[in-house]
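Colleague: Please read through the structure below; I'll follow up with questions.
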Amino acid sequence: ETGVTQSPTHLIKTRGQQVTLRCSSQSGHNTVSWYQQALGQGPQFIFQYYREEENGRGNFPPRFSGLQFPNYSSELNVNALELDDSALYLCASSLARSLVAGGLGTGELFFGEGSRLTVL
Amino acid sequence: KQEVTQIPAALSVPEGENLVLNCSFTDSAIYNLQWFRQDPGKGLTSLLLIQSSQREQTSGRLNASLDKSSGRSTLYIAASQPGDSATYLCAVSGSARQLTFGSGTQLTVLP
């Protein structure tokens, strides 16, 4: 068990609705990343948060937004849900060192069990 | 843009066999490479992390190698067991500070 917890584990929404997914990172980790995994595919990077600021973003539209809180927990918000948003949403925490001046990339990432979102 | 490919997409072997899973990536400017295991409907479990300066890492029956110049990594599983059945994903970390994943190899170990 990684110590990364996500909620809810499963949820069903309809097109046009909004959803908030939550993640508690592993103790001592300062960085949270979110990934979307469609069925049969590898996870796709959505964005990363470090010290409560977005620190990198993948190819996802602005209706995907996030927050990181002072205790390093995080939320992923998706507005105006579309059918293609149905996926497993994975949160990962890591300890990122030396993000100033280029940094050292991601440290080892530890993933939660994910939130399965179904959009009808 | 980094692209990661895993071959084969699926693999079925009898229990006890040694096996190799392959991963290739297009941009050799990586910081590290990580192998994960994913059981159906579950999250990812980190198996091994190889820093770009390393050639291999070992954990129990698992051994991962990295050849950064050729853009390749292999995951070797010794003496496979039915409990090893899962999807194995490799991912590379570059300057964008994100992991780029392959689509995975679905492994079935038959009793």
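Naming scheme: A, B, ... for chains in displayed order of the structure tokens; residues 1 onward per chain; ligands 1 onward as shown.
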Should the cut-off be 7 Å, what would the residue list for chain A against chain B look like, counting only C-alpha atoms, as a list in words?

Modeller: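 On the chain A side, the interface is Gln41, Gly42, Pro43, Phe45, Gly56, Leu90, Leu104, Gly105, Thr106, Glu108, Phe110, Phe111, Gly112, Glu113 and Gly114 of chain A.
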
Colleague: Pick out the residues sitting within 6 Å of Ser80 in chain B, and hand them over as a list in words; count only C-alpha atoms, and ignore anything fewer than 2 positions along from it in its own chain.

Modeller: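 Those residues are Glu15, Gly16, Glu17 and Ala78 of chain B.
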
Colleague: Looking only at strand (DSSP E or B) from DSSP on the backbone, list the matching residues of range 21-113 of chain A as a ChimeraX atom specification.

Modeller: /A:21-24,31-37,44-50,53-57,64-68,74-78,87-94,110-111

Colleague: Leaving out Val119 in chain A and any residue of its chain fewer than 4 positions from it, which residues lie within 9 Å of it when counting only C-alpha atoms, given as an MDAnalysis selection string?

Modeller: chainID A and resid 11:15 17 81:87

Colleague: Please provide the set of residues having any atom within 10 Å of Gln48 in chain A, restricted to only C-alpha atoms, with same-chain residues fewer than 5 positions apart removed, written as a list in words.

Modeller: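 Near neighbours after the sequence-gap exclusion: Thr31, Val32, Ser33, Trp34, Tyr35, Glu53, Glu54, Asn55, Gly56, Arg57, Gly58, Gly66, Leu67, Gln68, Ser74, Cys91, Ala92 and Ser93 of chain A; Arg97 and Gln98 of chain B.
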
Colleague: One decimal, Å: what's the distance from CA of Ser85 in chain B over to CA of Gln44 in chain A, could you say?

Modeller: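 According to the coordinates, CA of Ser85 in chain B and CA of Gln44 in chain A are separated by 23.1 Å.
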
Colleague: May I ask which of the residues B:Asn63, B:Asn22, B:Gln81, B:Gln57 is the closest one to Pro8 in chain B, counting only C-alpha atoms?

Modeller: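 So, comparing all the options, the nearest one is B:Asn22.
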